[in-house]
Amino acid sequence: MKSDVEELMPRLLPVEFEGSTEQLDLNGPPRNPREYLRQVQLEASLCPEVVVAQIDPRKLKKKQTVNASVAGCHAAPAGFSPSLSWQQQQVGNFSDVRQSIAKNRKHWSSQSLDDNVIMPKLTDDEGWKKFCLGEKIYLGASSDHTDTEPELGLDYSKIGFPPFLSIVSRLNQSTVLMVLEVLISWFEEHEFTPQLGRWLYALLACLEKPLLPEAHSSIRQLARRSAQLRSELESEDDEKLPPLNLLICLVARYFEQNDLADQPE
């Protein structure tokens, strides 16, 4: 009896095979054209009619479709926007930092890490949040006291590892972009902290140009979130204002997202 497949897809080269299929060695080379065709027939009959791919959803990117938003930033309240000369100075400093990292990347990446530095796996989003921000910030506890802790005996698992050059120099571009996306996503739902600012600056300094489409989307999201928080500040003396202005400046001026740039007042 013919199978459903044979009925729907008639064989173009019907082959009659003398003898039982047990005499056919699938592991050995065919001895003639007839035996080759029979091997193909038999191998096809052994394949399942339906094959289901085993996919690990953790390995799938959360944003497989990149939607680059063209929405602008919240306008800065009067007196909160930096001057053009300040922005130009920050771009120049940032460019110097990037050149220094690129020049010394090989040296710093070869430096051994301390025993307590255990970098998360690439797909461990929550691990990267804890690694960069520390458990106290990650879990929502106040981090104000961390600046007064003694320098000796710091528990970086609690307060987060600083973005040492020996750490960020080890990150390839896919990891830089992935960690940047993870932290920006976290930033969307939380307040700005100095530890977060250090990592965002360091990762931006390691982000190579020209940017990938997903990188464009992420850094624009970063600038918009920074502008949103800036618009909610009540005083020009708020300590969060300079770092928020800096992030907006770097995205807009250095990475050429000019529509997001602060215009001189």
# chains A, B, ... in the order shown; residues from 1 in each chain; ligands from 1
>>> residues_around(residues="Arg170 in chain A", least_positions_apart="2", cutoff="6 Å", atoms="only C-alpha atoms", output="ChimeraX atom specification")
/A:109,167-168
>>> closest_residue(among="A:Val182, A:Leu154, A:Ala44, A:Leu204", to="Asp124 in chain A", atoms="only C-alpha atoms")
A:Val182
>>> atom_distance(atom1="CA of Glu232 in chain A", atom2="CA of Pro264 in chain A")
19.8 Å
>>> atom_distance(atom1="CA of Cys249 in chain A", atom2="CA of Leu122 in chain A")
28.9 Å
>>> closest_residue(among="A:Ala75, A:Ser166, A:Trp128, A:Ser217", to="Leu260 in chain A", atoms="only C-alpha atoms")
A:Ala75
>>> residues_around(residues="Asp96 in chain A", least_positions_apart="6", cutoff="10 Å", atoms="only C-alpha atoms", output="PyMOL selection string")
chain A and resi 90+102+205
